[in-house]
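What follows is the content of structure12.cif, which has mmCIF, C-alpha atoms:
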data_start
#
loop_
_atom_site.label_atom_id
_atom_site.label_comp_id
_atom_site.auth_asym_id
_atom_site.auth_seq_id
_atom_site.Cartn_x
_atom_site.Cartn_y
_atom_site.Cartn_z
CA MET O 1177 21.06 -0.93 -43.00
CA PHE O 1178 18.68 0.76 -40.57
CA ARG O 1179 16.48 -1.42 -38.38
CA ARG O 1180 12.74 -1.30 -39.11
CA LEU O 1181 11.29 -1.57 -35.59
CA ARG O 1182 7.81 -0.85 -36.94
CA ARG O 1183 7.65 -4.36 -38.41
CA THR O 1184 6.59 -5.80 -35.06
CA ARG O 1185 3.99 -3.06 -34.52
CA LEU O 1186 1.98 -3.42 -37.73
CA HIS O 1187 -0.34 -6.23 -36.56
CA ALA O 1188 -2.31 -6.28 -33.32
CA HIS O 1189 -1.62 -9.96 -32.59
CA LEU O 1190 2.09 -9.50 -33.20
CA ARG O 1191 2.08 -6.53 -30.82
CA ASP O 1192 0.54 -8.87 -28.24
CA LEU O 1193 3.31 -11.42 -28.80
CA VAL O 1194 6.17 -8.98 -28.28
CA ARG O 1195 4.60 -6.93 -25.48
CA GLU O 1196 7.06 -6.83 -22.58
CA ASN O 1197 4.67 -6.00 -19.72
CA SER O 1198 1.01 -6.44 -18.94
CA VAL O 1199 -1.48 -5.70 -16.18
CA SER O 1200 -3.46 -8.43 -14.45
CA VAL O 1201 -6.05 -8.26 -11.68
CA SER O 1202 -3.76 -10.53 -9.65
CA ASP O 1203 -1.19 -7.71 -9.52
CA PHE O 1204 -3.36 -5.64 -7.17
CA ILE O 1205 -3.86 -5.14 -3.45
CA TYR O 1206 -6.94 -3.11 -2.52
CA PRO O 1207 -6.86 -0.87 0.58
CA LEU O 1208 -9.80 -0.91 3.01
CA PHE O 1209 -10.42 1.47 5.91
CA VAL O 1210 -12.22 0.00 8.91
CA VAL O 1211 -14.11 1.92 11.62
CA GLU O 1212 -16.02 0.92 14.73
CA GLY O 1213 -19.80 0.56 14.61
CA SER O 1214 -22.21 -1.08 12.19
CA GLY O 1215 -23.94 -0.08 8.99
CA ILE O 1216 -21.29 2.58 8.32
CA LYS O 1217 -20.13 3.34 4.79
CA ARG O 1218 -18.86 6.94 4.60
CA GLU O 1219 -17.42 8.26 1.37
CA VAL O 1220 -14.37 10.48 1.77
CA PRO O 1221 -14.87 13.80 -0.10
CA SER O 1222 -11.24 14.00 -1.23
CA LEU O 1223 -11.25 10.37 -2.42
CA PRO O 1224 -14.27 9.61 -4.62
CA ASP O 1225 -15.53 6.02 -4.28
CA VAL O 1226 -13.30 5.35 -1.25
CA PHE O 1227 -15.09 4.71 2.03
CA GLN O 1228 -14.65 4.33 5.73
CA MET O 1229 -16.55 1.14 6.53
CA SER O 1230 -17.66 -0.76 9.60
CA ILE O 1231 -16.81 -4.45 9.70
CA ASP O 1232 -20.21 -5.58 8.40
CA GLU O 1233 -19.83 -3.30 5.38
CA VAL O 1234 -16.27 -4.52 4.83
CA LEU O 1235 -17.61 -8.06 4.56
CA LYS O 1236 -20.06 -6.93 1.88
CA GLU O 1237 -17.22 -5.18 0.04
CA ILE O 1238 -15.15 -8.34 0.13
CA GLU O 1239 -17.93 -10.22 -1.67
CA VAL O 1240 -17.73 -7.61 -4.44
CA LEU O 1241 -13.95 -7.92 -4.60
CA CYS O 1242 -14.08 -11.71 -4.88
CA LYS O 1243 -16.52 -11.48 -7.80
CA LEU O 1244 -14.00 -9.20 -9.53
CA GLY O 1245 -11.16 -11.63 -8.89
CA ILE O 1246 -9.46 -9.44 -6.29
CA TYR O 1247 -8.22 -11.62 -3.44
CA HIS O 1248 -5.64 -9.33 -1.86
CA ILE O 1249 -6.51 -6.49 0.53
CA ILE O 1250 -4.63 -4.33 3.02
CA LEU O 1251 -6.41 -3.07 6.12
CA PHE O 1252 -6.12 0.29 7.86
CA GLY O 1253 -7.84 0.85 11.19
CA ILE O 1254 -9.54 4.00 12.47
CA PRO O 1255 -10.18 3.52 16.20
CA ASP O 1256 -12.58 5.45 18.40
CA HIS O 1257 -9.93 5.79 21.11
CA LYS O 1258 -6.53 7.38 20.57
CA ASP O 1259 -3.77 8.09 23.09
CA SER O 1260 -0.08 9.00 23.23
CA CYS O 1261 1.19 5.44 22.64
CA GLY O 1262 -1.58 4.05 20.40
CA SER O 1263 -2.63 1.46 22.96
CA GLU O 1264 -5.71 0.48 20.91
CA ALA O 1265 -3.37 -1.04 18.32
CA LEU O 1266 -2.01 -3.42 20.96
CA SER O 1267 -5.40 -4.82 21.96
CA ASP O 1268 -6.79 -8.09 20.67
CA ASN O 1269 -10.13 -6.28 20.71
CA GLY O 1270 -8.80 -3.47 18.51
CA ILE O 1271 -10.56 -2.57 15.29
CA ILE O 1272 -8.18 -4.40 12.93
CA ALA O 1273 -7.91 -7.48 15.14
CA LYS O 1274 -11.71 -7.76 15.15
CA ALA O 1275 -11.87 -7.13 11.39
CA LEU O 1276 -9.32 -9.86 10.72
CA ARG O 1277 -11.26 -12.46 12.65
CA ALA O 1278 -14.50 -11.52 10.89
CA ILE O 1279 -12.93 -11.55 7.43
CA LYS O 1280 -11.21 -14.89 7.95
CA GLN O 1281 -14.47 -16.44 9.10
CA HIS O 1282 -16.50 -14.90 6.28
CA ALA O 1283 -14.00 -15.21 3.40
CA PRO O 1284 -11.06 -17.46 4.29
CA GLN O 1285 -9.84 -17.31 0.69
CA MET O 1286 -9.04 -13.59 1.03
CA PHE O 1287 -5.34 -12.82 1.53
CA VAL O 1288 -5.22 -10.07 4.14
CA SER O 1289 -2.24 -7.77 4.69
CA VAL O 1290 -2.25 -5.30 7.57
CA ASP O 1291 -0.66 -1.89 7.70
CA LEU O 1292 1.60 -1.82 10.76
CA CYS O 1293 1.95 1.69 12.16
CA PHE O 1294 0.70 3.87 15.01
CA CYS O 1295 -0.24 7.12 13.25
CA GLU O 1296 -3.94 6.19 13.12
CA TYR O 1297 -3.91 5.20 16.80
CA THR O 1298 -2.00 8.06 18.46
CA ASP O 1299 -3.56 11.33 19.56
CA HIS O 1300 -0.56 13.20 18.11
CA GLY O 1301 -0.72 11.45 14.71
CA HIS O 1302 2.93 10.45 14.59
CA CYS O 1303 4.09 6.92 13.84
CA GLY O 1304 5.28 5.88 17.28
CA ILE O 1305 6.12 6.88 20.84
CA LEU O 1306 7.43 10.43 21.27
CA ASP O 1307 10.43 11.33 23.42
CA LYS O 1308 10.57 14.39 25.68
CA ASN O 1309 11.54 16.55 22.70
CA GLY O 1310 8.50 15.51 20.65
CA ILE O 1311 10.54 13.31 18.29
CA VAL O 1312 9.57 9.71 17.57
CA ASP O 1313 11.69 7.39 19.74
CA ASN O 1314 12.88 4.80 17.23
CA ASP O 1315 13.76 1.90 19.52
CA ALA O 1316 10.81 2.32 21.91
CA THR O 1317 8.55 2.29 18.86
CA LEU O 1318 10.13 -0.94 17.60
CA GLU O 1319 9.05 -2.69 20.79
CA ILE O 1320 5.39 -1.80 20.38
CA LEU O 1321 5.43 -2.49 16.62
CA VAL O 1322 6.43 -6.06 17.40
CA GLN O 1323 3.61 -6.31 19.95
CA GLN O 1324 1.14 -4.95 17.40
CA ALA O 1325 2.33 -7.40 14.74
CA ILE O 1326 1.91 -10.41 17.04
CA VAL O 1327 -1.63 -9.34 18.01
CA LEU O 1328 -2.56 -9.08 14.33
CA CYS O 1329 -0.98 -12.41 13.40
CA VAL O 1330 -2.87 -14.13 16.21
CA SER O 1331 -6.06 -12.56 14.80
CA GLY O 1332 -5.43 -13.94 11.31
CA ALA O 1333 -3.19 -11.57 9.33
CA ASP O 1334 -1.57 -13.20 6.30
CA MET O 1335 1.12 -10.56 5.82
CA ILE O 1336 2.57 -7.71 7.90
CA ALA O 1337 3.29 -4.41 6.16
CA PRO O 1338 5.29 -2.06 8.42
CA SER O 1339 4.98 1.55 7.25
CA SER O 1340 6.49 3.64 10.04
CA MET O 1341 10.01 3.91 8.52
CA MET O 1342 11.71 3.14 11.83
CA ASP O 1343 15.33 2.05 11.51
CA GLY O 1344 15.73 -1.66 12.20
CA CYS O 1345 12.00 -2.31 11.99
CA VAL O 1346 12.13 -5.33 9.68
CA GLU O 1347 14.85 -7.03 11.72
CA ALA O 1348 12.93 -6.47 14.97
CA LEU O 1349 9.70 -7.77 13.43
CA ARG O 1350 11.34 -10.83 11.90
CA PHE O 1351 12.94 -11.76 15.20
CA GLY O 1352 9.76 -11.09 17.19
CA LEU O 1353 7.46 -12.94 14.80
CA ASP O 1354 9.75 -15.94 14.56
CA LYS O 1355 10.04 -16.15 18.33
CA ALA O 1356 6.23 -15.99 18.68
CA GLY O 1357 5.71 -18.85 16.24
CA PHE O 1358 4.96 -16.81 13.11
CA SER O 1359 8.04 -17.57 11.04
CA HIS O 1360 5.71 -18.32 8.11
CA ILE O 1361 4.26 -14.79 8.01
CA PRO O 1362 5.88 -12.63 5.29
CA ILE O 1363 6.86 -8.99 5.75
CA MET O 1364 6.06 -6.50 2.97
CA ALA O 1365 8.16 -3.53 4.03
CA TYR O 1366 7.32 0.05 3.15
CA SER O 1367 11.03 0.05 2.48
CA THR O 1368 11.31 3.38 0.65
CA LYS O 1369 8.53 5.65 1.84
CA PHE O 1370 8.93 9.31 1.03
CA ALA O 1371 7.82 12.30 3.10
CA SER O 1372 5.41 13.19 0.33
CA ALA O 1373 2.67 15.77 -0.19
CA TYR O 1374 0.84 13.13 -2.27
CA TYR O 1375 -0.55 11.59 0.92
CA GLY O 1376 -3.00 14.39 1.67
CA PRO O 1377 -6.31 12.64 0.93
CA PHE O 1378 -5.15 9.49 2.77
CA ARG O 1379 -4.87 11.49 5.96
CA ASP O 1380 -8.50 12.49 5.51
CA VAL O 1381 -9.71 8.90 5.26
CA ALA O 1382 -7.35 7.45 7.88
CA GLN O 1383 -7.67 10.47 10.20
CA SER O 1384 -3.91 10.30 10.71
CA ALA O 1385 -2.54 13.79 10.05
CA PRO O 1386 0.13 14.83 12.61
CA SER O 1387 -1.19 17.30 15.18
CA PHE O 1388 2.15 19.13 15.02
CA GLY O 1389 5.24 19.13 12.84
CA ASP O 1390 5.73 16.64 10.03
CA ARG O 1391 7.25 13.21 9.39
CA LYS O 1392 10.48 14.33 7.76
CA THR O 1393 12.61 13.00 10.63
CA TYR O 1394 11.70 9.43 9.72
CA GLN O 1395 10.26 9.34 6.19
CA GLN O 1396 12.55 9.53 3.19
CA ASP O 1397 13.60 12.91 1.70
CA PRO O 1398 12.10 13.16 -1.84
CA ALA O 1399 15.34 14.79 -3.04
CA ASN O 1400 17.55 11.78 -2.25
CA ARG O 1401 17.91 9.01 -4.81
CA ARG O 1402 20.90 7.08 -3.42
CA GLU O 1403 19.50 7.12 0.11
CA ALA O 1404 16.18 5.88 -1.24
CA ILE O 1405 17.89 2.85 -2.75
CA LEU O 1406 19.80 2.24 0.48
CA GLU O 1407 16.57 2.22 2.51
CA SER O 1408 15.20 -0.70 0.51
CA LEU O 1409 18.49 -2.61 0.45
CA ASN O 1410 18.66 -2.25 4.23
CA ASP O 1411 15.21 -3.80 4.59
CA GLU O 1412 16.20 -6.64 2.29
CA SER O 1413 19.26 -7.35 4.44
CA GLU O 1414 17.06 -7.34 7.57
CA GLY O 1415 14.77 -10.04 6.17
CA ALA O 1416 11.97 -8.34 4.23
CA ASP O 1417 10.13 -10.65 1.85
CA ILE O 1418 8.70 -7.88 -0.36
CA LEU O 1419 9.98 -4.32 -0.83
CA MET O 1420 7.89 -1.25 -1.62
CA VAL O 1421 8.20 2.27 -3.00
CA LYS O 1422 5.62 4.83 -1.89
CA PRO O 1423 4.39 7.01 -3.63
CA ALA O 1424 4.59 5.43 -7.07
CA LEU O 1425 3.95 7.85 -9.93
CA ALA O 1426 6.52 10.57 -9.18
CA TYR O 1427 9.14 8.03 -8.08
CA LEU O 1428 9.35 5.57 -10.97
CA ASP O 1429 13.07 6.29 -11.30
CA VAL O 1430 13.52 4.93 -7.77
CA VAL O 1431 11.34 1.91 -8.58
CA ARG O 1432 13.64 1.11 -11.50
CA ASP O 1433 16.78 1.74 -9.42
CA ILE O 1434 15.63 -0.71 -6.75
CA ARG O 1435 14.37 -3.25 -9.30
CA GLU O 1436 17.86 -3.41 -10.81
CA ARG O 1437 19.45 -4.07 -7.41
CA THR O 1438 17.20 -6.74 -5.90
CA LEU O 1439 15.60 -10.06 -6.82
CA LEU O 1440 12.86 -9.64 -4.22
CA PRO O 1441 9.27 -8.91 -5.29
CA LEU O 1442 8.71 -5.15 -5.49
CA ALA O 1443 5.46 -3.32 -4.71
CA VAL O 1444 4.39 0.24 -5.40
CA TYR O 1445 1.72 2.14 -3.52
CA ASN O 1446 -0.38 4.19 -5.94
CA VAL O 1447 -1.23 6.71 -3.25
CA SER O 1448 -4.29 8.84 -2.53
CA GLY O 1449 -3.05 12.03 -4.16
CA GLU O 1450 -2.29 10.19 -7.39
CA TYR O 1451 -5.71 8.58 -7.31
CA ALA O 1452 -7.50 11.85 -6.56
CA MET O 1453 -5.80 13.67 -9.45
CA LEU O 1454 -6.98 11.10 -11.98
CA LYS O 1455 -10.50 11.10 -10.55
CA LEU O 1456 -10.69 14.90 -10.74
CA ALA O 1457 -9.39 14.83 -14.31
CA GLN O 1458 -12.10 12.29 -15.13
CA LYS O 1459 -14.75 14.51 -13.56
CA ALA O 1460 -13.48 17.51 -15.52
CA GLY O 1461 -13.60 15.52 -18.76
CA VAL O 1462 -10.04 16.42 -19.73
CA ILE O 1463 -8.72 12.85 -20.19
CA ASP O 1464 -9.86 9.53 -21.60
CA TYR O 1465 -10.02 8.13 -18.09
CA PRO O 1466 -9.94 4.34 -18.70
CA LYS O 1467 -7.03 4.66 -21.14
CA VAL O 1468 -5.01 6.96 -18.85
CA LEU O 1469 -5.74 4.72 -15.88
CA MET O 1470 -4.54 1.56 -17.62
CA GLU O 1471 -1.50 3.32 -19.07
CA THR O 1472 -0.55 4.46 -15.58
CA MET O 1473 -0.84 0.93 -14.19
CA LEU O 1474 1.19 -0.45 -17.09
CA CYS O 1475 3.93 2.11 -16.45
CA PHE O 1476 4.19 0.91 -12.84
CA LYS O 1477 4.79 -2.59 -14.18
CA ARG O 1478 7.27 -1.40 -16.81
CA ALA O 1479 9.27 0.45 -14.16
CA GLY O 1480 9.69 -2.84 -12.29
CA ALA O 1481 6.74 -3.27 -9.93
CA ASP O 1482 5.36 -6.75 -9.38
CA ILE O 1483 2.56 -5.60 -7.04
CA ILE O 1484 0.36 -2.49 -7.16
CA ILE O 1485 -1.49 -1.26 -4.09
CA SER O 1486 -4.20 0.99 -5.50
CA TYR O 1487 -7.65 2.46 -4.87
CA HIS O 1488 -8.18 1.94 -8.62
CA ALA O 1489 -8.07 -1.86 -8.28
CA LYS O 1490 -11.82 -2.43 -8.72
CA GLU O 1491 -11.93 -0.12 -11.74
CA VAL O 1492 -8.98 -1.94 -13.30
CA ALA O 1493 -10.68 -5.30 -12.72
CA ASN O 1494 -13.85 -4.07 -14.42
CA ILE O 1495 -11.88 -2.72 -17.40
CA LEU O 1496 -9.96 -6.00 -17.77
CA GLN O 1497 -13.21 -7.96 -17.73
CA GLU O 1498 -14.42 -5.95 -20.72
CA PHE O 1499 -11.60 -7.24 -22.90
#
Spell out the structure here as structure tokens.
Amino acid sequence: MFRRLRRTRLHAHLRDLVRENSVSVSDFIYPLFVVEGSGIKREVPSLPDVFQMSIDEVLKEIEVLCKLGIYHIILFGIPDHKDSCGSEALSDNGIIAKALRAIKQHAPQMFVSVDLCFCEYTDHGHCGILDKNGIVDNDATLEILVQQAIVLCVSGADMIAPSSMMDGCVEALRFGLDKAGFSHIPIMAYSTKFASAYYGPFRDVAQSAPSFGDRKTYQQDPANRREAILESLNDESEGADILMVKPALAYLDVVRDIRERTLLPLAVYNVSGEYAMLKLAQKAGVIDYPKVLMETMLCFKRAGADIIISYHAKEVANILQEF
């Protein structure tokens, strides 16, 4: 006898009962880009509805997010001063340190993660200190990443999210944070971060494009599946609390591979290029935008993601409120 799988699809309420995955506003982390100054809210041409904002404008944005039920954000800083070692990132008067203190005073209920990297802070746009050959010095970079993390924890960060793809980064951070009295701070590792062309619009908003070369010596090769799994398992063994795959949409096979090999929470970063493509398709009128958007988010969950970092988060919250 053949199995009639359509039986459980014939009634809407029964479909609800047997649905394996769903999307909730609590699944999302919303990225915010912070600049020096006041009264600044600059839209990025390549990322519609995404802005560079001064701290005062960020506080206004947070009020909007709270009304939508979004209580998780991740901060990226765009400093006025950049140099070869990203010294601004090590200052307790740096842009993200100041933003953290303001946010925690204004909205203590907001859970604030911070991107931990140096690409936005260096004049060369790479993710750490360069050696004499112009290659990122892994171990020298680890030292300043730990310094940066401690500065941000002192300023109020709730979670550290290292994105530089330095070998041994999670272990160095866990040791350094524990020693400094921050053993309670979780690490959400960008554990499998690919050297992807999908990041293009992000580099516009974060002003972090490399001034020479590329990041293929430290970010993951998009062609390598087994190595991608190993990257995340390494970070788990070093003490990561949450793993991540970035980008999301073109790498759902890797999301599933990692999901099947770990019990840790797993995040995906729905990156700028993915966001921009959907927004342009919406503008062109070639898709039913809300339906495609929600289907995309659902597919991230089905692949195994527990957490979605996305510029779409506010739109998703508004759509969910309509139902």
Counting only C-alpha atoms, the option among O:Gly1270, O:Ile1305, O:Glu1239, O:Glu1196 closest to Pro1284 of chain O
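So, comparing all the options, the nearest one is O:Glu1239.
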Report as a ChimeraX atom specification the residues that result from applying the PyMOL selection byres ((chain O and resi 1253) around 12) to the structure here.
/O:1207-1212,1228-1231,1234,1250-1252,1254-1258,1262,1264-1265,1270-1276,1290-1298,1328,1381-1384
Which is closer to Tyr1445 of chain O than all the others in O:Asn1400, O:Ser1198, O:Thr1368, O:Gln1497, using all atoms listed in the file?
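Residue with the minimum atom-to-atom distance to Tyr1445 of chain O: O:Thr1368.
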I'd like to know which of O:Met1286, O:Leu1409, O:Val1447, O:Ile1418 is closest to Tyr1375 of chain O, using only C-alpha atoms.
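Distance minimum relative to Tyr1375 of chain O lands on O:Val1447.
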For Arg1402 of chain O, work out the shell of residues within 10 Å, counting all atoms listed in the file and skipping chain neighbours fewer than 4 positions away, then give it as a ChimeraX atom specification.
/O:1406-1407,1430,1433-1434
Export of prior selection with C-alpha atoms as an mmCIF file, in the frame of the given file:
data_model
loop_
_atom_site.group_PDB
_atom_site.id
_atom_site.type_symbol
_atom_site.label_atom_id
_atom_site.label_comp_id
_atom_site.auth_asym_id
_atom_site.auth_seq_id
_atom_site.Cartn_x
_atom_site.Cartn_y
_atom_site.Cartn_z
ATOM 1 C CA LEU O 1406 19.800 2.240 0.480
ATOM 2 C CA GLU O 1407 16.570 2.220 2.510
ATOM 3 C CA VAL O 1430 13.520 4.930 -7.770
ATOM 4 C CA ASP O 1433 16.780 1.740 -9.420
ATOM 5 C CA ILE O 1434 15.630 -0.710 -6.750
#
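Counting from atom CA of Ile1205 of chain O, the distance to atom CA of Ala1356 of chain O is 26.6 Å.
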Pick from O:Asp1259, O:Glu1491, O:Asp1315, O:Asp1482 nearest to Leu1469 of chain O, counting only C-alpha atoms
O:Glu1491
When you look at Val1492 of chain O with a cut-off of 12 Å (counting all atoms listed in the file), what residues show up, excluding the ones that are within fewer than 2 positions of it in the same chain? I need them as a PyMOL selection string.
chain O and resi 1199-1206+1241+1244-1246+1465-1474+1484-1490+1494-1499
When you count only C-alpha atoms, which of these residues is closest to Met1335 of chain O: O:Asp1429, O:Asp1354, O:Glu1436, O:Asp1417?
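Between O:Asp1429, O:Asp1354, O:Glu1436, O:Asp1417, the residue approaching Met1335 of chain O most closely is O:Asp1417.
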